[in-house]
file target-v3.cif (mmCIF, C-alpha atoms; chains and numbers go by the auth columns)
data_coords
loop_
_atom_site.group_PDB
_atom_site.id
_atom_site.type_symbol
_atom_site.label_atom_id
_atom_site.label_comp_id
_atom_site.label_asym_id
_atom_site.label_seq_id
_atom_site.Cartn_x
_atom_site.Cartn_y
_atom_site.Cartn_z
_atom_site.B_iso_or_equiv
_atom_site.auth_seq_id
_atom_site.auth_asym_id
ATOM 1 C CA ASN A 1 -5.316 -1.127 -2.584 0.00 1 D
ATOM 2 C CA ASP A 2 -6.169 2.444 -1.666 0.00 2 D
ATOM 3 C CA LYS A 3 -3.413 3.809 -3.917 0.00 3 D
ATOM 4 C CA ASN A 4 -4.617 2.250 -7.169 0.00 4 D
ATOM 5 C CA PHE A 5 -8.346 1.751 -6.551 0.00 5 D
ATOM 6 C CA VAL A 6 -9.504 4.801 -8.506 0.00 6 D
ATOM 7 C CA ALA A 7 -7.237 4.052 -11.469 0.00 7 D
ATOM 8 C CA GLU A 8 -7.994 0.327 -11.601 0.00 8 D
ATOM 9 C CA VAL A 9 -11.700 0.364 -10.751 0.00 9 D
ATOM 10 C CA ARG A 10 -13.366 3.767 -10.971 0.00 10 D
ATOM 11 C CA ASN A 11 -11.533 4.783 -14.168 0.00 11 D
ATOM 12 C CA SER A 12 -11.628 1.377 -15.858 0.00 12 D
ATOM 13 C CA LYS A 13 -12.925 1.375 -19.424 0.00 13 D
ATOM 14 C CA ILE A 14 -14.387 -2.108 -18.928 0.00 14 D
ATOM 15 C CA PRO A 15 -16.601 -3.453 -16.111 0.00 15 D
ATOM 16 C CA VAL A 16 -14.840 -4.549 -12.923 0.00 16 D
ATOM 17 C CA VAL A 17 -15.512 -7.246 -10.335 0.00 17 D
ATOM 18 C CA VAL A 18 -13.788 -6.681 -6.991 0.00 18 D
ATOM 19 C CA ASP A 19 -13.444 -9.446 -4.417 0.00 19 D
ATOM 20 C CA VAL A 20 -13.041 -7.790 -1.004 0.00 20 D
ATOM 21 C CA TRP A 21 -11.346 -10.204 1.394 0.00 21 D
ATOM 22 C CA SER A 22 -9.515 -10.385 4.709 0.00 22 D
ATOM 23 C CA ASP A 23 -6.954 -12.568 6.454 0.00 23 D
ATOM 24 C CA GLY A 24 -8.301 -15.529 8.377 0.00 24 D
ATOM 25 C CA CYS A 25 -11.618 -15.456 6.504 0.00 25 D
ATOM 26 C CA SER A 26 -12.525 -19.044 5.620 0.00 26 D
ATOM 27 C CA PRO A 27 -15.389 -18.038 3.298 0.00 27 D
ATOM 28 C CA CYS A 28 -12.927 -15.712 1.477 0.00 28 D
ATOM 29 C CA MET A 29 -10.636 -18.663 0.807 0.00 29 D
ATOM 30 C CA GLN A 30 -13.621 -20.731 -0.311 0.00 30 D
ATOM 31 C CA LEU A 31 -14.633 -18.024 -2.803 0.00 31 D
ATOM 32 C CA ALA A 32 -11.121 -17.501 -4.252 0.00 32 D
ATOM 33 C CA PRO A 33 -11.248 -20.335 -6.854 0.00 33 D
ATOM 34 C CA THR A 34 -14.589 -19.051 -8.166 0.00 34 D
ATOM 35 C CA ILE A 35 -13.190 -15.536 -8.564 0.00 35 D
ATOM 36 C CA LYS A 36 -10.171 -16.949 -10.413 0.00 36 D
ATOM 37 C CA ARG A 37 -12.421 -18.904 -12.811 0.00 37 D
ATOM 38 C CA LEU A 38 -14.454 -15.750 -13.496 0.00 38 D
ATOM 39 C CA ALA A 39 -11.244 -13.847 -14.275 0.00 39 D
ATOM 40 C CA CYS A 40 -10.278 -16.493 -16.821 0.00 40 D
ATOM 41 C CA LYS A 41 -13.737 -16.773 -18.392 0.00 41 D
ATOM 42 C CA TYR A 42 -14.240 -13.021 -18.857 0.00 42 D
ATOM 43 C CA ASP A 43 -10.618 -12.096 -19.612 0.00 43 D
ATOM 44 C CA GLY A 44 -10.570 -8.961 -21.762 0.00 44 D
ATOM 45 C CA LYS A 45 -14.274 -8.253 -21.174 0.00 45 D
ATOM 46 C CA VAL A 46 -14.329 -7.755 -17.407 0.00 46 D
ATOM 47 C CA LYS A 47 -11.473 -6.830 -15.088 0.00 47 D
ATOM 48 C CA VAL A 48 -11.406 -8.984 -11.954 0.00 48 D
ATOM 49 C CA GLY A 49 -9.423 -7.922 -8.913 0.00 49 D
ATOM 50 C CA HIS A 50 -8.979 -8.414 -5.203 0.00 50 D
ATOM 51 C CA LEU A 51 -9.080 -5.780 -2.481 0.00 51 D
ATOM 52 C CA HIS A 52 -7.572 -6.798 0.840 0.00 52 D
ATOM 53 C CA VAL A 53 -9.314 -4.783 3.556 0.00 53 D
ATOM 54 C CA GLY A 54 -5.989 -4.108 5.253 0.00 54 D
ATOM 55 C CA ALA A 55 -4.450 -2.533 2.145 0.00 55 D
ATOM 56 C CA GLY A 56 -7.702 -0.945 1.002 0.00 56 D
ATOM 57 C CA GLN A 57 -9.305 0.107 4.261 0.00 57 D
ATOM 58 C CA LYS A 58 -10.338 3.565 3.018 0.00 58 D
ATOM 59 C CA SER A 59 -11.746 2.223 -0.249 0.00 59 D
ATOM 60 C CA ALA A 60 -13.651 -0.574 1.505 0.00 60 D
ATOM 61 C CA SER A 61 -15.061 1.882 4.028 0.00 61 D
ATOM 62 C CA LYS A 62 -16.194 4.332 1.322 0.00 62 D
ATOM 63 C CA LEU A 63 -17.939 1.439 -0.430 0.00 63 D
ATOM 64 C CA GLY A 64 -19.779 0.436 2.741 0.00 64 D
ATOM 65 C CA VAL A 65 -18.132 -2.965 3.044 0.00 65 D
ATOM 66 C CA ARG A 66 -19.003 -4.302 6.480 0.00 66 D
ATOM 67 C CA GLY A 67 -17.937 -7.920 6.151 0.00 67 D
ATOM 68 C CA THR A 68 -15.922 -10.285 4.019 0.00 68 D
ATOM 69 C CA PRO A 69 -16.163 -11.722 1.536 0.00 69 D
ATOM 70 C CA THR A 70 -17.987 -8.996 -0.348 0.00 70 D
ATOM 71 C CA THR A 71 -17.998 -9.003 -4.129 0.00 71 D
ATOM 72 C CA LEU A 72 -18.637 -5.683 -5.846 0.00 72 D
ATOM 73 C CA PHE A 73 -19.628 -5.307 -9.492 0.00 73 D
ATOM 74 C CA PHE A 74 -18.737 -1.988 -11.166 0.00 74 D
ATOM 75 C CA LYS A 75 -19.938 -0.582 -14.452 0.00 75 D
ATOM 76 C CA ASN A 76 -18.802 2.861 -15.619 0.00 76 D
ATOM 77 C CA GLY A 77 -17.053 3.305 -12.267 0.00 77 D
ATOM 78 C CA ASN A 78 -20.196 2.760 -10.188 0.00 78 D
ATOM 79 C CA VAL A 79 -21.315 -0.181 -8.061 0.00 79 D
ATOM 80 C CA VAL A 80 -24.254 -1.884 -9.775 0.00 80 D
ATOM 81 C CA GLU A 81 -24.400 -5.015 -7.623 0.00 81 D
ATOM 82 C CA ARG A 82 -23.059 -6.247 -4.293 0.00 82 D
ATOM 83 C CA VAL A 83 -22.906 -9.814 -3.017 0.00 83 D
ATOM 84 C CA VAL A 84 -21.982 -10.581 0.580 0.00 84 D
ATOM 85 C CA GLY A 85 -20.839 -14.115 1.305 0.00 85 D
ATOM 86 C CA VAL A 86 -20.121 -17.118 -0.872 0.00 86 D
ATOM 87 C CA ARG A 87 -22.242 -17.981 -3.899 0.00 87 D
ATOM 88 C CA GLY A 88 -21.750 -20.388 -6.782 0.00 88 D
ATOM 89 C CA GLN A 89 -20.043 -19.438 -10.014 0.00 89 D
ATOM 90 C CA HIS A 90 -23.297 -19.458 -11.996 0.00 90 D
ATOM 91 C CA TYR A 91 -24.748 -16.814 -9.656 0.00 91 D
ATOM 92 C CA PHE A 92 -21.832 -14.474 -10.354 0.00 92 D
ATOM 93 C CA GLU A 93 -21.946 -15.224 -14.096 0.00 93 D
ATOM 94 C CA GLU A 94 -25.594 -14.137 -14.233 0.00 94 D
ATOM 95 C CA ILE A 95 -24.734 -10.817 -12.597 0.00 95 D
ATOM 96 C CA ILE A 96 -21.802 -10.257 -14.947 0.00 96 D
ATOM 97 C CA GLU A 97 -23.767 -11.143 -18.070 0.00 97 D
ATOM 98 C CA GLU A 98 -26.969 -9.286 -17.157 0.00 98 D
ATOM 99 C CA ASP A 99 -25.697 -6.252 -15.246 0.00 99 D
ATOM 100 C CA LEU A 100 -22.184 -5.676 -16.574 0.00 100 D
ATOM 101 C CA LEU A 101 -22.188 -6.978 -20.135 0.00 101 D
ATOM 102 C CA ASP A 102 -25.908 -6.582 -20.937 0.00 102 D
ATOM 103 C CA LEU A 103 -25.953 -10.055 -22.510 0.00 103 D
ATOM 104 C CA ALA A 104 -29.519 -10.654 -21.308 0.00 104 D
ATOM 105 C CA GLU A 105 -30.720 -7.833 -23.591 0.00 105 D
ATOM 106 C CA GLU A 106 -28.729 -9.248 -26.522 0.00 106 D
ATOM 107 C CA LYS A 107 -30.204 -12.718 -25.989 0.00 107 D
ATOM 108 C CA GLY A 108 -33.713 -11.242 -25.870 0.00 108 D
ATOM 109 C CA ALA A 109 -33.113 -9.362 -29.121 0.00 109 D
ATOM 110 C CA GLU A 110 -31.879 -12.554 -30.813 0.00 110 D
ATOM 111 C CA ALA A 111 -35.055 -14.363 -29.774 0.00 111 D
ATOM 112 C CA SER A 112 -37.262 -11.708 -31.383 0.00 112 D
#

call {"tool": "encode", "arguments": {"input": "target-v3.cif", "output": "structure tokens"}}
result
Amino acid sequence: NDKNFVAEVRNSKIPVVVDVWSDGCSPCMQLAPTIKRLACKYDGKVKVGHLHVGAGQKSASKLGVRGTPTTLFFKNGNVVERVVGVRGQHYFEEIIEEDLLDLAEEKGAEAS
């Protein structure tokens, strides 16, 4: 919500994925299980949270969220990727591994 957004997201020591959702949003409900699986898979490496637009209206507005669901990917407190709408889990995993955890670079170095 607006009260803890800075502490939980901007000041986080690890990357953060934020699922911005709203009431009555069918695509938001469709995306929820994927977000939960990501939270389990990357537990301890990436913080995964939800921002309800009603409770986080100021934060969502500052981030330029215009529709839900919007998934925001933060690294060092800054948005590095934004996905609007529903995508498959693999799509989100690629963003997390390449943009948040830099695993693509590690895999390339191993191949050398």

call {"tool": "closest_residue", "arguments": {"input": "target-v3.cif", "among": "D:Val46, D:Val17, D:Leu38, D:Gly54", "to": "Glu81 in chain D", "atoms": "all atoms listed in the file"}}
result
D:Val17

call {"tool": "resolve_selection", "arguments": {"input": "target-v3.cif", "expression": "the PyMOL selection byres ((chain D and resi 21) around 7)", "output": "MDAnalysis selection string"}}
result
chainID D and resid 19:20 22 28 51:53 68:70

call {"tool": "closest_residue", "arguments": {"input": "target-v3.cif", "among": "D:Asn76, D:Val65, D:Val16, D:Cys25", "to": "Lys47 in chain D", "atoms": "all atoms listed in the file"}}
result
D:Val16

call {"tool": "resolve_selection", "arguments": {"input": "target-v3.cif", "expression": "the PyMOL selection byres ((chain D and resi 11) around 12)", "output": "mmCIF file with C-alpha atoms, in the coordinates of the input"}}
result
data_model
loop_
_atom_site.group_PDB
_atom_site.id
_atom_site.type_symbol
_atom_site.label_atom_id
_atom_site.label_comp_id
_atom_site.auth_asym_id
_atom_site.auth_seq_id
_atom_site.Cartn_x
_atom_site.Cartn_y
_atom_site.Cartn_z
ATOM 1 C CA ASN D 4 -4.617 2.250 -7.169
ATOM 2 C CA PHE D 5 -8.346 1.751 -6.551
ATOM 3 C CA VAL D 6 -9.504 4.801 -8.506
ATOM 4 C CA ALA D 7 -7.237 4.052 -11.469
ATOM 5 C CA GLU D 8 -7.994 0.327 -11.601
ATOM 6 C CA VAL D 9 -11.700 0.364 -10.751
ATOM 7 C CA ARG D 10 -13.366 3.767 -10.971
ATOM 8 C CA SER D 12 -11.628 1.377 -15.858
ATOM 9 C CA LYS D 13 -12.925 1.375 -19.424
ATOM 10 C CA ILE D 14 -14.387 -2.108 -18.928
ATOM 11 C CA PRO D 15 -16.601 -3.453 -16.111
ATOM 12 C CA VAL D 16 -14.840 -4.549 -12.923
ATOM 13 C CA LYS D 47 -11.473 -6.830 -15.088
ATOM 14 C CA PHE D 74 -18.737 -1.988 -11.166
ATOM 15 C CA LYS D 75 -19.938 -0.582 -14.452
ATOM 16 C CA ASN D 76 -18.802 2.861 -15.619
ATOM 17 C CA GLY D 77 -17.053 3.305 -12.267
ATOM 18 C CA ASN D 78 -20.196 2.760 -10.188
#

call {"tool": "closest_residue", "arguments": {"input": "target-v3.cif", "among": "D:Lys62, D:Leu100, D:Gly56, D:Met29", "to": "Gly85 in chain D", "atoms": "only C-alpha atoms"}}
result
D:Met29

call {"tool": "atom_distance", "arguments": {"input": "target-v3.cif", "atom1": "CA of Asp2 in chain D", "atom2": "CA of Cys40 in chain D"}}
result
24.6 Å

call {"tool": "residues_around", "arguments": {"input": "target-v3.cif", "residues": "range 88-99 of chain D", "least_positions_apart": "2", "cutoff": "9 Å", "atoms": "only C-alpha atoms", "output": "list in words"}}
result
Pro15, Val17, Leu31, Thr34, Ile35, Arg37, Leu38, Tyr42, Val46, Phe73, Lys75, Val80, Glu81, Val83, Val86, Leu101, Asp102, Leu103, Ala104 and Glu105 of chain D
